[in-house]
Every structure is written in C-alpha cells, then in structure tokens.
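Quick look at model-v1.cif (mmCIF, C-alpha atoms):
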data_final
#
loop_
_atom_site.group_PDB
_atom_site.id
_atom_site.type_symbol
_atom_site.label_atom_id
_atom_site.label_comp_id
_atom_site.auth_asym_id
_atom_site.auth_seq_id
_atom_site.Cartn_x
_atom_site.Cartn_y
_atom_site.Cartn_z
ATOM 1 C CA MET A 1 0.000 0.000 0.000
ATOM 2 C CA ASP A 2 1.371 3.375 -0.958
ATOM 3 C CA LEU A 3 1.083 6.070 1.696
ATOM 4 C CA PRO A 4 0.790 9.645 0.511
ATOM 5 C CA SER A 5 4.060 11.515 0.911
ATOM 6 C CA ARG A 6 4.006 14.184 3.660
ATOM 7 C CA PRO A 7 6.294 17.239 3.789
ATOM 8 C CA MET A 8 8.391 17.711 6.954
ATOM 9 C CA HIS A 9 7.427 21.268 7.809
ATOM 10 C CA SER A 10 4.065 21.589 6.188
ATOM 11 C CA PRO A 11 1.809 18.856 7.500
ATOM 12 C CA THR A 12 -1.186 20.177 5.669
ATOM 13 C CA THR A 13 -1.497 21.861 2.358
ATOM 14 C CA PRO A 14 -1.952 25.559 2.952
ATOM 15 C CA ASP A 15 -5.267 27.027 2.082
ATOM 16 C CA GLU A 16 -4.910 30.179 0.188
ATOM 17 C CA GLY A 17 -6.110 33.292 1.999
ATOM 18 C CA SER A 18 -5.806 31.903 5.561
ATOM 19 C CA ALA A 19 -2.833 31.763 8.037
ATOM 20 C CA PRO A 20 -0.863 28.505 7.943
ATOM 21 C CA PRO A 21 -1.526 26.235 10.924
ATOM 22 C CA PRO A 22 1.376 25.699 13.326
ATOM 23 C CA PRO A 23 3.842 22.993 12.255
ATOM 24 C CA THR A 24 3.590 19.715 14.122
ATOM 25 C CA THR A 25 7.271 18.777 13.639
ATOM 26 C CA MET A 26 10.284 20.589 15.110
ATOM 27 C CA ASP A 27 12.574 22.720 12.980
ATOM 28 C CA ALA A 28 16.064 21.238 12.540
ATOM 29 C CA TRP A 29 17.776 24.427 13.720
ATOM 30 C CA ARG A 30 15.882 24.333 16.992
ATOM 31 C CA ILE A 31 17.126 20.807 17.656
ATOM 32 C CA LEU A 32 20.693 21.869 16.858
ATOM 33 C CA VAL A 33 20.586 24.967 19.062
ATOM 34 C CA ARG A 34 19.074 23.047 21.981
ATOM 35 C CA GLY A 35 21.747 20.382 21.608
ATOM 36 C CA ALA A 36 24.469 23.044 21.519
ATOM 37 C CA ALA A 37 22.995 24.715 24.629
ATOM 38 C CA VAL A 38 22.957 21.433 26.560
ATOM 39 C CA ILE A 39 26.501 20.549 25.436
ATOM 40 C CA GLY A 40 27.623 24.080 26.371
ATOM 41 C CA ILE A 41 26.172 23.798 29.896
ATOM 42 C CA LEU A 42 27.744 20.363 30.342
ATOM 43 C CA PHE A 43 31.108 21.651 29.093
ATOM 44 C CA VAL A 44 31.014 24.640 31.463
ATOM 45 C CA PHE A 45 30.197 22.361 34.406
ATOM 46 C CA ALA A 46 32.865 19.797 33.418
ATOM 47 C CA PHE A 47 35.533 22.516 32.995
ATOM 48 C CA TRP A 48 34.638 24.134 36.314
ATOM 49 C CA SER A 49 34.729 20.806 38.159
ATOM 50 C CA ALA A 50 37.927 19.653 36.415
ATOM 51 C CA LYS A 51 39.655 22.854 37.567
ATOM 52 C CA GLY A 52 38.911 22.134 41.211
ATOM 53 C CA TYR A 53 35.311 23.109 42.039
ATOM 54 C CA ASN A 54 36.372 26.662 42.940
ATOM 55 C CA LYS A 55 33.440 28.060 44.910
ATOM 56 C CA GLY A 56 34.861 31.604 44.877
ATOM 57 C CA TRP A 57 35.408 34.115 42.089
ATOM 58 C CA SER A 58 37.267 33.113 38.916
ATOM 59 C CA GLN A 59 40.997 33.625 39.155
ATOM 60 C CA ASN A 60 43.203 34.870 36.331
ATOM 61 C CA GLN A 61 46.325 34.564 38.447
ATOM 62 C CA VAL A 62 46.596 32.055 41.209
ATOM 63 C CA PRO A 63 48.296 32.936 44.511
ATOM 64 C CA VAL A 64 50.995 30.498 45.620
ATOM 65 C CA LYS A 65 52.367 30.605 49.184
ATOM 66 C CA ASN A 66 56.135 30.388 49.658
ATOM 67 C CA ILE A 67 58.406 30.584 52.683
ATOM 68 C CA ASP A 68 61.735 32.363 52.759
ATOM 69 C CA PRO A 69 64.087 29.892 54.490
ATOM 70 C CA VAL A 70 66.244 32.441 56.323
ATOM 71 C CA THR A 71 63.615 34.889 57.571
ATOM 72 C CA GLU A 72 60.697 32.382 57.645
ATOM 73 C CA ILE A 73 58.500 35.034 56.032
ATOM 74 C CA GLU A 74 55.523 33.596 54.184
ATOM 75 C CA PHE A 75 55.132 35.443 50.898
ATOM 76 C CA THR A 76 52.833 35.151 47.907
ATOM 77 C CA THR A 77 53.725 34.764 44.254
ATOM 78 C CA TYR A 78 51.193 34.578 41.426
ATOM 79 C CA GLU A 79 50.989 32.008 38.644
ATOM 80 C CA LYS A 80 49.347 33.140 35.419
ATOM 81 C CA ARG A 81 46.632 30.530 34.867
ATOM 82 C CA PHE A 82 42.855 30.509 34.837
ATOM 83 C CA ILE A 83 40.710 28.853 37.491
ATOM 84 C CA PRO A 84 36.981 29.205 36.817
ATOM 85 C CA GLY A 85 34.811 30.190 39.754
ATOM 86 C CA LEU A 86 31.111 30.267 40.530
ATOM 87 C CA ASP A 87 30.711 33.389 38.348
ATOM 88 C CA TYR A 88 31.976 31.377 35.364
ATOM 89 C CA LEU A 89 29.665 28.458 36.185
ATOM 90 C CA ALA A 90 26.658 30.717 36.674
ATOM 91 C CA GLY A 91 27.418 32.782 33.550
ATOM 92 C CA GLY A 92 27.858 29.709 31.353
ATOM 93 C CA THR A 93 24.721 28.056 32.688
ATOM 94 C CA VAL A 94 22.570 31.178 32.262
ATOM 95 C CA LEU A 95 23.905 31.638 28.706
ATOM 96 C CA GLY A 96 23.127 27.990 27.871
ATOM 97 C CA LEU A 97 19.637 28.221 29.347
ATOM 98 C CA ALA A 98 18.970 31.467 27.475
ATOM 99 C CA LEU A 99 20.040 29.804 24.239
ATOM 100 C CA PHE A 100 17.830 26.834 25.017
ATOM 101 C CA ALA A 101 14.876 29.081 25.848
ATOM 102 C CA ALA A 102 15.366 31.080 22.654
ATOM 103 C CA THR A 103 14.457 28.025 20.615
ATOM 104 C CA PHE A 104 10.920 28.191 21.988
ATOM 105 C CA LEU A 105 10.367 31.665 20.600
ATOM 106 C CA ARG A 106 8.253 31.733 17.493
ATOM 107 C CA ARG A 107 7.669 34.468 14.996
ATOM 108 C CA ARG A 108 4.348 36.137 15.678
ATOM 109 C CA SER A 109 2.064 35.531 12.750
ATOM 110 C CA PRO A 110 0.497 38.693 11.331
ATOM 111 C CA LYS A 111 -3.060 39.331 12.473
ATOM 112 C CA PRO A 112 -5.605 39.037 9.667
ATOM 113 C CA ALA A 113 -7.079 42.364 8.690
ATOM 114 C CA MET B 1 106.324 61.114 80.213
ATOM 115 C CA SER B 2 103.991 62.620 77.614
ATOM 116 C CA ALA B 3 104.059 59.456 75.450
ATOM 117 C CA LEU B 4 101.887 57.451 77.865
ATOM 118 C CA PRO B 5 98.892 59.759 77.960
ATOM 119 C CA THR B 6 99.006 60.006 74.175
ATOM 120 C CA THR B 7 98.936 56.187 73.868
ATOM 121 C CA LEU B 8 96.117 55.978 76.402
ATOM 122 C CA ARG B 9 94.230 58.664 74.548
ATOM 123 C CA SER B 10 94.669 56.744 71.280
ATOM 124 C CA ILE B 11 93.473 53.485 72.859
ATOM 125 C CA ALA B 12 90.528 55.218 74.461
ATOM 126 C CA PHE B 13 89.620 56.902 71.166
ATOM 127 C CA ALA B 14 89.894 53.584 69.269
ATOM 128 C CA GLY B 15 87.769 51.850 71.905
ATOM 129 C CA PHE B 16 85.176 54.592 71.793
ATOM 130 C CA THR B 17 85.073 54.405 67.992
ATOM 131 C CA ILE B 18 84.609 50.616 68.031
ATOM 132 C CA ILE B 19 81.912 50.775 70.717
ATOM 133 C CA SER B 20 80.171 53.573 68.852
ATOM 134 C CA ALA B 21 80.295 51.569 65.644
ATOM 135 C CA ILE B 22 78.840 48.497 67.369
ATOM 136 C CA ALA B 23 76.194 50.354 69.301
ATOM 137 C CA ALA B 24 75.167 52.736 66.537
ATOM 138 C CA PRO B 25 71.695 52.187 65.134
ATOM 139 C CA LYS B 26 71.690 50.489 61.768
ATOM 140 C CA THR B 27 69.555 51.422 58.824
ATOM 141 C CA PHE B 28 67.765 48.484 57.227
ATOM 142 C CA ASP B 29 66.672 48.843 53.621
ATOM 143 C CA LEU B 30 63.212 47.390 52.963
ATOM 144 C CA LYS B 31 63.743 47.081 49.208
ATOM 145 C CA ASP B 32 64.298 43.347 49.398
ATOM 146 C CA PRO B 33 66.680 41.842 46.812
ATOM 147 C CA LYS B 34 64.596 38.657 46.845
ATOM 148 C CA GLY B 35 61.250 40.434 46.454
ATOM 149 C CA VAL B 36 59.690 38.827 49.521
ATOM 150 C CA ASN B 37 58.287 41.997 51.085
ATOM 151 C CA ALA B 38 54.585 42.699 50.666
ATOM 152 C CA ILE B 39 51.553 43.952 52.537
ATOM 153 C CA GLN B 40 48.630 41.541 52.473
ATOM 154 C CA PHE B 41 45.067 42.779 52.694
ATOM 155 C CA LYS B 42 41.694 41.125 53.142
ATOM 156 C CA LEU B 43 38.123 42.404 52.969
ATOM 157 C CA ASP B 44 35.082 40.293 53.651
ATOM 158 C CA SER B 45 32.822 40.141 50.652
ATOM 159 C CA ILE B 46 30.000 38.132 49.138
ATOM 160 C CA LEU B 47 31.014 34.679 47.879
ATOM 161 C CA GLU B 48 34.510 34.888 49.422
ATOM 162 C CA PRO B 49 36.856 37.463 51.017
ATOM 163 C CA ILE B 50 38.792 39.685 48.642
ATOM 164 C CA ALA B 51 42.429 38.967 49.447
ATOM 165 C CA GLY B 52 45.515 40.322 47.753
ATOM 166 C CA THR B 53 48.937 41.842 48.160
ATOM 167 C CA ALA B 54 50.690 45.137 47.596
ATOM 168 C CA GLY B 55 54.328 44.619 46.723
ATOM 169 C CA ALA B 56 57.020 46.992 45.463
ATOM 170 C CA ILE B 57 57.922 47.837 49.062
ATOM 171 C CA THR B 58 60.462 50.555 49.711
ATOM 172 C CA GLY B 59 61.626 52.398 52.801
ATOM 173 C CA THR B 60 64.002 52.073 55.710
ATOM 174 C CA VAL B 61 63.927 51.158 59.374
ATOM 175 C CA THR B 62 66.543 52.471 61.777
ATOM 176 C CA PHE B 63 67.093 49.928 64.524
ATOM 177 C CA ASP B 64 69.474 49.454 67.413
ATOM 178 C CA PRO B 65 69.182 46.208 69.410
ATOM 179 C CA ALA B 66 70.452 48.090 72.443
ATOM 180 C CA ALA B 67 67.688 50.701 72.160
ATOM 181 C CA VAL B 68 64.672 49.102 70.538
ATOM 182 C CA GLU B 69 62.366 51.926 71.712
ATOM 183 C CA ALA B 70 64.207 54.306 69.412
ATOM 184 C CA THR B 71 63.350 52.295 66.295
ATOM 185 C CA SER B 72 61.912 54.459 63.540
ATOM 186 C CA GLY B 73 61.179 54.130 59.901
ATOM 187 C CA LYS B 74 58.923 54.472 56.896
ATOM 188 C CA VAL B 75 57.381 51.713 54.792
ATOM 189 C CA SER B 76 55.906 52.479 51.381
ATOM 190 C CA ALA B 77 54.089 50.273 48.893
ATOM 191 C CA ALA B 78 53.330 51.234 45.316
ATOM 192 C CA SER B 79 49.550 51.462 44.844
ATOM 193 C CA SER B 80 49.893 50.093 41.325
ATOM 194 C CA SER B 81 51.442 46.907 42.714
ATOM 195 C CA ILE B 82 48.136 45.805 44.285
ATOM 196 C CA VAL B 83 47.272 42.335 43.033
ATOM 197 C CA VAL B 84 44.161 40.219 43.572
ATOM 198 C CA PRO B 85 43.583 36.922 41.728
ATOM 199 C CA ASN B 86 40.598 38.191 39.695
ATOM 200 C CA ALA B 87 41.606 40.555 36.876
ATOM 201 C CA LYS B 88 38.316 42.496 36.805
ATOM 202 C CA MET B 89 38.434 43.002 40.562
ATOM 203 C CA ASN B 90 42.056 44.166 40.249
ATOM 204 C CA GLU B 91 40.985 46.765 37.705
ATOM 205 C CA HIS B 92 38.270 48.044 40.077
ATOM 206 C CA LEU B 93 40.661 48.215 43.048
ATOM 207 C CA LEU B 94 43.140 50.382 41.146
ATOM 208 C CA SER B 95 40.428 52.654 39.738
ATOM 209 C CA ALA B 96 39.588 56.171 40.983
ATOM 210 C CA SER B 97 36.650 54.951 43.102
ATOM 211 C CA TRP B 98 38.887 52.625 45.106
ATOM 212 C CA VAL B 99 42.646 53.186 45.630
ATOM 213 C CA ASP B 100 43.097 55.580 42.678
ATOM 214 C CA ALA B 101 46.586 54.312 41.904
ATOM 215 C CA GLU B 102 47.120 56.897 39.183
ATOM 216 C CA LYS B 103 46.620 59.956 41.411
ATOM 217 C CA HIS B 104 47.891 58.413 44.655
ATOM 218 C CA PRO B 105 50.802 56.152 43.724
ATOM 219 C CA GLU B 106 51.955 55.437 47.286
ATOM 220 C CA ILE B 107 50.555 53.803 50.416
ATOM 221 C CA SER B 108 52.797 54.451 53.414
ATOM 222 C CA PHE B 109 53.268 54.116 57.144
ATOM 223 C CA ALA B 110 55.817 56.264 58.997
ATOM 224 C CA PHE B 111 56.667 55.901 62.676
ATOM 225 C CA THR B 112 59.217 57.639 64.888
ATOM 226 C CA SER B 113 59.426 55.367 67.931
ATOM 227 C CA LEU B 114 58.093 52.221 69.565
ATOM 228 C CA THR B 115 56.219 51.854 72.846
ATOM 229 C CA ASP B 116 55.400 48.821 75.038
ATOM 230 C CA VAL B 117 58.634 47.137 73.994
ATOM 231 C CA LYS B 118 58.868 43.640 75.489
ATOM 232 C CA PRO B 119 61.467 40.956 74.841
ATOM 233 C CA ALA B 120 59.979 37.851 73.213
ATOM 234 C CA GLY B 121 63.050 35.633 73.005
ATOM 235 C CA ALA B 122 66.621 35.945 71.850
ATOM 236 C CA ASN B 123 66.832 39.000 69.588
ATOM 237 C CA LYS B 124 63.034 39.173 69.435
ATOM 238 C CA TRP B 125 60.727 41.891 70.698
ATOM 239 C CA THR B 126 57.083 42.869 70.584
ATOM 240 C CA ALA B 127 56.074 46.514 70.595
ATOM 241 C CA THR B 128 53.546 49.060 69.430
ATOM 242 C CA ALA B 129 54.378 51.424 66.603
ATOM 243 C CA ALA B 130 52.442 54.664 66.483
ATOM 244 C CA GLY B 131 52.631 56.646 63.298
ATOM 245 C CA GLN B 132 50.966 58.096 60.237
ATOM 246 C CA PHE B 133 49.266 55.830 57.739
ATOM 247 C CA SER B 134 48.582 57.345 54.320
ATOM 248 C CA LEU B 135 46.215 55.929 51.732
ATOM 249 C CA LYS B 136 44.534 57.635 48.801
ATOM 250 C CA GLY B 137 45.860 61.019 49.894
ATOM 251 C CA VAL B 138 44.438 60.765 53.442
ATOM 252 C CA THR B 139 46.845 60.530 56.405
ATOM 253 C CA LYS B 140 45.714 59.331 59.827
ATOM 254 C CA GLU B 141 47.410 58.498 63.120
ATOM 255 C CA ILE B 142 47.232 54.783 63.879
ATOM 256 C CA THR B 143 48.915 52.306 66.217
ATOM 257 C CA VAL B 144 50.180 48.971 64.961
ATOM 258 C CA PRO B 145 51.259 46.055 67.166
ATOM 259 C CA VAL B 146 54.534 44.779 65.722
ATOM 260 C CA SER B 147 57.116 42.108 66.386
ATOM 261 C CA LEU B 148 60.789 42.496 65.527
ATOM 262 C CA THR B 149 63.371 39.807 64.940
ATOM 263 C CA TYR B 150 67.011 40.788 64.596
ATOM 264 C CA LEU B 151 69.002 38.270 62.560
ATOM 265 C CA GLU B 152 72.609 39.198 63.150
ATOM 266 C CA GLY B 153 75.027 38.257 60.368
ATOM 267 C CA GLN B 154 72.310 36.648 58.216
ATOM 268 C CA PHE B 155 72.281 39.042 55.261
ATOM 269 C CA GLY B 156 75.150 37.348 53.418
ATOM 270 C CA LYS B 157 73.725 33.897 54.045
ATOM 271 C CA ARG B 158 70.386 34.950 52.603
ATOM 272 C CA VAL B 159 71.895 36.201 49.350
ATOM 273 C CA ASN B 160 74.157 33.126 49.132
ATOM 274 C CA LYS B 161 77.287 35.172 49.824
ATOM 275 C CA PRO B 162 78.137 34.433 53.490
ATOM 276 C CA GLU B 163 81.372 36.392 53.159
ATOM 277 C CA LEU B 164 79.331 39.597 52.871
ATOM 278 C CA GLY B 165 78.094 39.424 56.469
ATOM 279 C CA GLY B 166 75.535 42.080 57.352
ATOM 280 C CA ASP B 167 72.304 41.861 59.340
ATOM 281 C CA LEU B 168 68.594 41.406 58.746
ATOM 282 C CA LEU B 169 65.608 42.801 60.598
ATOM 283 C CA VAL B 170 62.202 41.135 60.252
ATOM 284 C CA VAL B 171 59.196 43.280 61.143
ATOM 285 C CA ARG B 172 55.754 41.709 61.338
ATOM 286 C CA GLY B 173 52.441 43.301 62.151
ATOM 287 C CA GLU B 174 48.722 43.239 61.701
ATOM 288 C CA PHE B 175 46.156 46.024 61.845
ATOM 289 C CA SER B 176 42.880 47.094 60.308
ATOM 290 C CA ILE B 177 41.505 50.306 58.872
ATOM 291 C CA ALA B 178 38.064 51.528 57.884
ATOM 292 C CA ARG B 179 38.133 52.073 54.120
ATOM 293 C CA GLY B 180 35.624 54.926 54.459
ATOM 294 C CA ASP B 181 38.116 56.900 56.593
ATOM 295 C CA TYR B 182 40.429 57.032 53.579
ATOM 296 C CA GLY B 183 37.796 58.072 51.064
ATOM 297 C CA ILE B 184 37.245 54.597 49.642
ATOM 298 C CA LYS B 185 33.509 54.399 48.992
ATOM 299 C CA PRO B 186 32.533 55.605 52.477
ATOM 300 C CA GLY B 187 29.215 54.042 53.469
ATOM 301 C CA GLU B 188 28.770 52.427 50.059
ATOM 302 C CA ASN B 189 28.193 48.758 49.225
ATOM 303 C CA GLU B 190 28.888 47.712 52.819
ATOM 304 C CA ASP B 191 26.557 44.745 52.406
ATOM 305 C CA LYS B 192 28.738 43.494 49.552
ATOM 306 C CA VAL B 193 32.237 44.559 50.610
ATOM 307 C CA ALA B 194 33.116 44.945 54.296
ATOM 308 C CA PRO B 195 33.922 48.469 55.519
ATOM 309 C CA VAL B 196 36.995 47.197 57.385
ATOM 310 C CA VAL B 197 40.209 46.198 55.623
ATOM 311 C CA GLN B 198 42.566 43.840 57.464
ATOM 312 C CA LEU B 199 46.233 44.434 56.702
ATOM 313 C CA THR B 200 49.095 42.096 57.521
ATOM 314 C CA PHE B 201 52.755 42.589 56.794
ATOM 315 C CA ALA B 202 55.981 40.657 57.205
ATOM 316 C CA LEU B 203 58.928 42.680 55.974
ATOM 317 C CA VAL B 204 62.641 42.032 55.956
ATOM 318 C CA GLY B 205 65.140 44.853 56.017
ATOM 319 C CA SER B 206 68.757 44.378 54.984
ATOM 320 C CA ALA B 207 71.805 46.081 56.409
ATOM 321 C CA PRO B 208 74.851 44.883 54.466
ATOM 322 C CA LYS B 209 78.188 45.269 56.188
ATOM 323 C CA SER B 210 79.623 48.637 55.233
#
Could you show the structure in this file as structure tokens?
Amino acid sequence: MDLPSRPMHSPTTPDEGSAPPPPTTMDAWRILVRGAAVIGILFVFAFWSAKGYNKGWSQNQVPVKNIDPVTEIEFTTYEKRFIPGLDYLAGGTVLGLALFAATFLRRRSPKPA
Amino acid sequence: MSALPTTLRSIAFAGFTIISAIAAPKTFDLKDPKGVNAIQFKLDSILEPIAGTAGAITGTVTFDPAAVEATSGKVSAASSSIVVPNAKMNEHLLSASWVDAEKHPEISFAFTSLTDVKPAGANKWTATAAGQFSLKGVTKEITVPVSLTYLEGQFGKRVNKPELGGDLLVVRGEFSIARGDYGIKPGENEDKVAPVVQLTFALVGSAPKS
C-alpha cells in the first residue's frame, strides 16, 4: 500500500487566503541549538569541576604561598593561569539556558485584517 | 712622660670608635633583593573574602638592638602593585573609586618610635608602633602592634654570599583600617564589601656590612 508523501514542515497543504496552521514537527535548527545549549552547559560544568570546584570568584592569576628559608616570612607569588569560579559556572549556565529558551520563541504571525 | 697619655688617649679613642660603631643604630633597607616583602590585605565580601597583596615595598627602618624603643622608619608600597587573583576586581581596586593608583601612587606608614617594647626571646621583641598611615591622599594616626626579629650576620647567608656578612631585621604586624576613613567608597556597598580592611605585613630589612 502506498502512503501519501508528507512534507516535513508543512503537515497540511496551505489554504490560500488563511494563516498557515502551526507545524507539528520541530525545525532542525531548533534541535541543533538546543543540543548546543545542553553541550555548552555540560562543558562549562565539566571545565569548572575539572579545575577544582572553585566556589569563589574566577581567578586569572593564582596565589601560591612560599616561605623564605632564612627569615621564615611567608610570601605570595602569582601564577598566570585561569581557574573558573562560581561566576563562570553561573554565567555559562545562564547563557546555555537562554540559548535553550530562545528556541521556543516563534515568529508572531500577522493578524488578519 | 707625655708618650703614655698620648697612647692611652689613642686606645681610648679607638675603643670609643669601636663601641660607637657596634652600638650605633643600623639602617635596614626594605627594598628586598629577593622580592619577599609585601603587605597583604583582606576584605570580607560576598562569595569569598577579597584577598591580595601590595608589593614593590620601599623604605628604611633604623634599629638598634640596644635601644629598641628608638626604632623608627617608613614603609611604602606602590599602589599600582596591588594584586588580587581576579583581573576584573584588580581593575576596580586600582580605579579612581577605590585606591586611585594613578593619582595616589603610594601607600605608606611612617613611625618615629616604639612603645610597650617587650622581649619575646633571643633578639626578638614585641612593641607598638604609632605613626601616620597614608592611603589615597588621606593621612591618619594609627597604632600597629609589631614584632621584631634581629638576625645578626644573616644578610650574606640569605643572598648566598656568606662572606658579605651584614644583618637582617624582620618586622611583622597586623592592623585594620576603615576604608571609608580614607575616602574609599565611604558608606557604600557595605553589604557586599566589608567596611573594614585587614592588613598584615611581614617585611625584611637588609643592612649589608659597610
């Protein structure tokens, strides 16, 4: 039995003179963007946790404690490396969620006159 | 007959010169060749305390182990040397609304004597230094509890040249200031950044053998 072929984005044939009904299948770009948003959030979390679960602010230079052997003075030097903090985790997550949420926005169809 | 008094006079003069040289106060340079000297600061804040250092320390301390009360000196840190781990925060701290490093390049503490001097071990003392603390163009009288450690003959050892001799003086202290007193956002954002700044220092001064 031959089934009638059905277009992906236009489940019904549009009637001329009336607004098209909403599509029943998801646009491919929405799937891609949602996937990218989820991967982005996972990456941000994985990077943050791999760098030591820093629950403070992100650090662009990391303080390292040293002790001078003669005077026994504890002094600080800084290593130039990045340690993401909660601001990085929160920023990345909010950005990912915003991207995800954006895929639910639809163009408002013009009101019929 | 006149030769004896002359000899005695010479011996007495030599003795006086040696004693004077030993007992004379020494000037210790705080510009450390190993770059150890720094002032550490900490402010309570949301998420975690803001902690950092101000390096580029210069100044001198005049110290005599036989008269510790007479110790005096001046310690200065370059405002632009303030470092905190977060780059954005660092930028804010150096800006005009905080330390204003461009207009006020120096943070300093000058004191002329010590009070409450108490021995705390061999060549160690605790005391109180009263002096003028300057930050962001505002100078105020403060008192700082300090400890001093005199390391005789350790300068050469520290720079890996024991033949140089010379002495070291380690000065440690801790005090706090109200940032508002020095024109740093007085009364502003106190729920986010504490109004009190805790300062800690451990400085070594060098007096090479002259």
The distance between atom CA of Ser113 of chain B and atom CA of Thr58 of chain B is 18.9 Å
Legend entry - Spatial neighbours of Arg172 of chain B, 9 Å, all atoms listed in the file, chain gap at least 3 places, as a list in words: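 So, after excluding close chain neighbours, the residues are Ile73 of chain A; Pro145, Val146, Ser147, Leu148, Thr149, Thr200, Phe201, Ala202, Leu203 and Val204 of chain B.
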Could you tell me which residues of chain B sit within 7 Å of chain A when counting only C-alpha atoms, and give me the result as a PyMOL selection string?
chain B and resi 36+47-48+85-87+158+170+202
If the PyMOL selection byres ((chain A and resi 101-106) around 12) is run on the structure shown, which residues does it catch, given as a PyMOL selection string?
chain A and resi 22-23+26-38+94-100+107-109
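For Val193 of chain B, the non-local neighbours within 7 Å, defined as residues at least 3 positions apart in the same chain or in other chains and counting all atoms listed in the file, are Leu43, Asp44, Ser45, Ile46, Asn189 and Glu190 of chain B.
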Take the residues just selected and output them with C-alpha atoms as a PDB file, in the frame of the given file.
ATOM      1  CA  LEU B  43      38.123  42.404  52.969  1.00  0.00           C
ATOM      2  CA  ASP B  44      35.082  40.293  53.651  1.00  0.00           C
ATOM      3  CA  SER B  45      32.822  40.141  50.652  1.00  0.00           C
ATOM      4  CA  ILE B  46      30.000  38.132  49.138  1.00  0.00           C
ATOM      5  CA  ASN B 189      28.193  48.758  49.225  1.00  0.00           C
ATOM      6  CA  GLU B 190      28.888  47.712  52.819  1.00  0.00           C
TER       7      GLU B 190
END
Q) When the PyMOL selection byres ((chain B and resi 152) around 12) is applied to the file above, which residues end up in the set, as JSON, numbers by chain? A) {"A": [70, 71], "B": [22, 26, 64, 65, 122, 123, 124, 149, 150, 151, 153, 154, 155, 156, 157, 158, 165, 166, 167, 168, 169, 170, 205, 206, 207, 208, 209]}
Computed gap from atom CA of Pro84 of chain A to atom CA of Trp48 of chain A is 5.6 Å
Exercise for the section: With all atoms listed in the file counted, which protein, DNA or RNA residues have an atom no more than 8 Å from (63.7, 52.9, 71.5) in the file frame? Please answer as a VMD selection string. Expected result: chain B and resid 64 67 to 71 113 to 115
Output for the residues just chosen: C-alpha atoms as a PDB file, in the frame of the given file:
ATOM      1  CA  ASP B  64      69.474  49.454  67.413  1.00  0.00           C
ATOM      2  CA  ALA B  67      67.688  50.701  72.160  1.00  0.00           C
ATOM      3  CA  VAL B  68      64.672  49.102  70.538  1.00  0.00           C
ATOM      4  CA  GLU B  69      62.366  51.926  71.712  1.00  0.00           C
ATOM      5  CA  ALA B  70      64.207  54.306  69.412  1.00  0.00           C
ATOM      6  CA  THR B  71      63.350  52.295  66.295  1.00  0.00           C
ATOM      7  CA  SER B 113      59.426  55.367  67.931  1.00  0.00           C
ATOM      8  CA  LEU B 114      58.093  52.221  69.565  1.00  0.00           C
ATOM      9  CA  THR B 115      56.219  51.854  72.846  1.00  0.00           C
TER      10      THR B 115
END
Report, as lines of an AutoDock Vina configuration file, the centre and edge lengths in Å (one decimal) of the axis-aligned box enclosing every listed atom of segment 62-69 of chain B, padded by 5 Å on each side.
center_x = 66.4
center_y = 49.3
center_z = 67.1
size_x = 18.1
size_y = 16.3
size_z = 20.7
Could you give me, as number ranges by chain, the residues within 10 Å of Glu141 of chain B, counting only C-alpha atoms and dropping anything in the same chain fewer than 2 positions from it?
B: 109-111, 130-134, 139, 143
Practice item. Determine the residue set returned by the PyMOL selection byres ((chain B and resi 96-107) around 6) for the present structure, and present it as number ranges by chain. Key: B: 76-80, 93-95, 108, 134-136, 184
